[in-house]
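Single-structure report; data block below.
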Amino acid sequence: MIFRLGAALFLSCLMASGAPAQGILDHDESATSDASLVAGWAEPGGGRIAALRVDLAPGWKTYWRQPGEAGIPPTFDWSGSENLGDIRIAWPAPVVFHTYGMRTIGYHDRMVLPLKVTPRDPALPVRLSLSLFYGVCEEICVPARADLALTIAPGAPAEAEALIRDALAALPAPAETAGLTAARCVLEGA
């Protein structure tokens, strides 16, 4: 709990300063991760499928939307986007890590988050502009930041389809689809 409070205070100060992470920590984030937006395909009605892809250096990991007992969940700022009506992020099933007696939740090697993009005007291109703040960890955790952009024209040919479909296939299944009929949880005091 103390670690989480300390991390939260550190991140609050970091984000309030507006300074890039590498200026504070002298950390070369390009050595540990590489983030990009990749186009997918058009959907009926003008929607588009894209993805956020973060490739990680060997031994490094990044975090899920709820990182567990420690870690930095990613934050997304799409405010610089053009012709963007709505964007929904899909979260493939993460991995549980045990480090220094703490349980964290995230991804190793690569994180691919499918994006369902709804344009304001389906007849016009969508220009995605993302300011991404996320954490990467090996033995220690460091904040990383990436400013990414991607323009998707209406009727653009499919790209990165296999990568995105693999991530979509890794989404957690609803209970009915997975065949779950009952669940039981028991808590016992120490």
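A note on labels: chains of the structure tokens are A, B, ... as shown, every chain counts residues from 1, and ligands are counted from 1 in their shown order.
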Looking only at the backbone, which of the residues in region 59-188 of chain A does DSSP tag as strand (DSSP E), as a ChimeraX atom specification? /A:61-68,75-77,84-89,95-99,102-108,110-119,126-137,141-152
For CA of Arg65 (chain A) and CA of Gly135 (chain A), determine how far apart the two atoms are, in Å to one decimal place.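 Distance between the two atoms: 11.2 Å.
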Would you mind reading off the distance between CA of Thr118 (chain A) and CA of Pro44 (chain A), one decimal, in Å?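 A separation of 11.1 Å between them.
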Among chain A, which residues carry a DSSP assignment of helix (DSSP H, G or I), reported as a count of residues only? 37
Shell of 9 Å around Leu37 (chain A), only C-alpha atoms, local chain residues under 6 positions omitted, as a PyMOL selection string: chain A and resi 50-54+128+130+148-150
Residues within 9 Å of Ser131 (chain A), only C-alpha atoms, excluding chain neighbours under 2 positions, as a ChimeraX atom specification: /A:75-80,129,133,145-149
Kindly save the residues from that selection, with N, CA and C atoms included, as an mmCIF file, in the first residue's frame.
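Once everything was written out, this is result-v5.cif:
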```cif
data_model
loop_
_atom_site.group_PDB
_atom_site.id
_atom_site.type_symbol
_atom_site.label_atom_id
_atom_site.label_comp_id
_atom_site.auth_asym_id
_atom_site.auth_seq_id
_atom_site.Cartn_x
_atom_site.Cartn_y
_atom_site.Cartn_z
ATOM 1 N N THR A 75 -2.455 5.598 -19.801
ATOM 2 C CA THR A 75 -3.463 6.653 -19.939
ATOM 3 C C THR A 75 -3.407 7.152 -21.377
ATOM 4 N N PHE A 76 -4.573 7.514 -21.892
ATOM 5 C CA PHE A 76 -4.724 7.858 -23.292
ATOM 6 C C PHE A 76 -5.332 9.252 -23.416
ATOM 7 N N ASP A 77 -4.733 10.091 -24.244
ATOM 8 C CA ASP A 77 -5.285 11.408 -24.551
ATOM 9 C C ASP A 77 -5.457 11.484 -26.065
ATOM 10 N N TRP A 78 -6.706 11.429 -26.509
ATOM 11 C CA TRP A 78 -7.045 11.460 -27.933
ATOM 12 C C TRP A 78 -7.480 12.856 -28.372
ATOM 13 N N SER A 79 -7.307 13.869 -27.538
ATOM 14 C CA SER A 79 -7.899 15.188 -27.781
ATOM 15 C C SER A 79 -7.397 15.858 -29.061
ATOM 16 N N GLY A 80 -6.248 15.495 -29.580
ATOM 17 C CA GLY A 80 -5.739 16.102 -30.809
ATOM 18 C C GLY A 80 -6.261 15.443 -32.073
ATOM 19 N N SER A 129 -4.752 11.035 -33.098
ATOM 20 C CA SER A 129 -3.601 11.646 -32.451
ATOM 21 C C SER A 129 -3.646 11.211 -30.990
ATOM 22 N N PHE A 133 0.721 7.683 -22.116
ATOM 23 C CA PHE A 133 1.599 7.605 -20.950
ATOM 24 C C PHE A 133 1.439 6.202 -20.384
ATOM 25 N N ARG A 145 6.480 7.700 -22.424
ATOM 26 C CA ARG A 145 5.501 8.550 -23.094
ATOM 27 C C ARG A 145 5.724 8.450 -24.590
ATOM 28 N N ALA A 146 4.631 8.436 -25.340
ATOM 29 C CA ALA A 146 4.722 8.412 -26.798
ATOM 30 C C ALA A 146 3.636 9.290 -27.378
ATOM 31 N N ASP A 147 3.978 10.081 -28.376
ATOM 32 C CA ASP A 147 3.010 10.871 -29.122
ATOM 33 C C ASP A 147 2.893 10.232 -30.494
ATOM 34 N N LEU A 148 1.701 9.714 -30.805
ATOM 35 C CA LEU A 148 1.500 8.903 -32.000
ATOM 36 C C LEU A 148 0.393 9.499 -32.857
ATOM 37 N N ALA A 149 0.469 9.249 -34.172
ATOM 38 C CA ALA A 149 -0.565 9.719 -35.087
ATOM 39 C C ALA A 149 -0.768 8.685 -36.182
#
```
Contacts of Ala90 (chain A) at 7 Å (only C-alpha atoms; same-chain gap of 3+ positions) as a list in words: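 Final neighbour list, sorted by chain and number: Leu113, Pro114 and Leu115 of chain A.
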Please produce an output containing N, CA, C and O atoms for each residue in the selection, written as a PDB file, in the first residue's frame.
```pdb
ATOM      1  N   LEU A 113      -3.562  -3.487 -28.404  1.00  0.00           N
ATOM      2  CA  LEU A 113      -4.903  -3.125 -27.946  1.00  0.00           C
ATOM      3  C   LEU A 113      -5.738  -2.731 -29.159  1.00  0.00           C
ATOM      4  O   LEU A 113      -5.524  -1.664 -29.744  1.00  0.00           O
ATOM      5  N   PRO A 114      -6.683  -3.575 -29.578  1.00  0.00           N
ATOM      6  CA  PRO A 114      -7.551  -3.219 -30.699  1.00  0.00           C
ATOM      7  C   PRO A 114      -8.383  -1.975 -30.376  1.00  0.00           C
ATOM      8  O   PRO A 114      -8.809  -1.776 -29.232  1.00  0.00           O
ATOM      9  N   LEU A 115      -8.607  -1.150 -31.392  1.00  0.00           N
ATOM     10  CA  LEU A 115      -9.350   0.096 -31.256  1.00  0.00           C
ATOM     11  C   LEU A 115     -10.531   0.092 -32.215  1.00  0.00           C
ATOM     12  O   LEU A 115     -10.347  -0.116 -33.418  1.00  0.00           O
TER      13      LEU A 115
END
```
Tell me which of A:Arg103, A:Tyr63, A:Val186, A:Val136 sits closest to Ala31 (chain A), counting only C-alpha atoms. A:Val136
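From CA of Pro67 (chain A) back to CA of Thr104 (chain A), the distance works out to 5.4 Å.
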7 Å contact set for Ile49 (chain A), only C-alpha atoms, chain neighbours under 3 positions out, as a list in words: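 Final neighbour list, sorted by chain and number: Ala39, Gly40, Trp41, Ala42, Leu115, Lys116 and Val117 of chain A.
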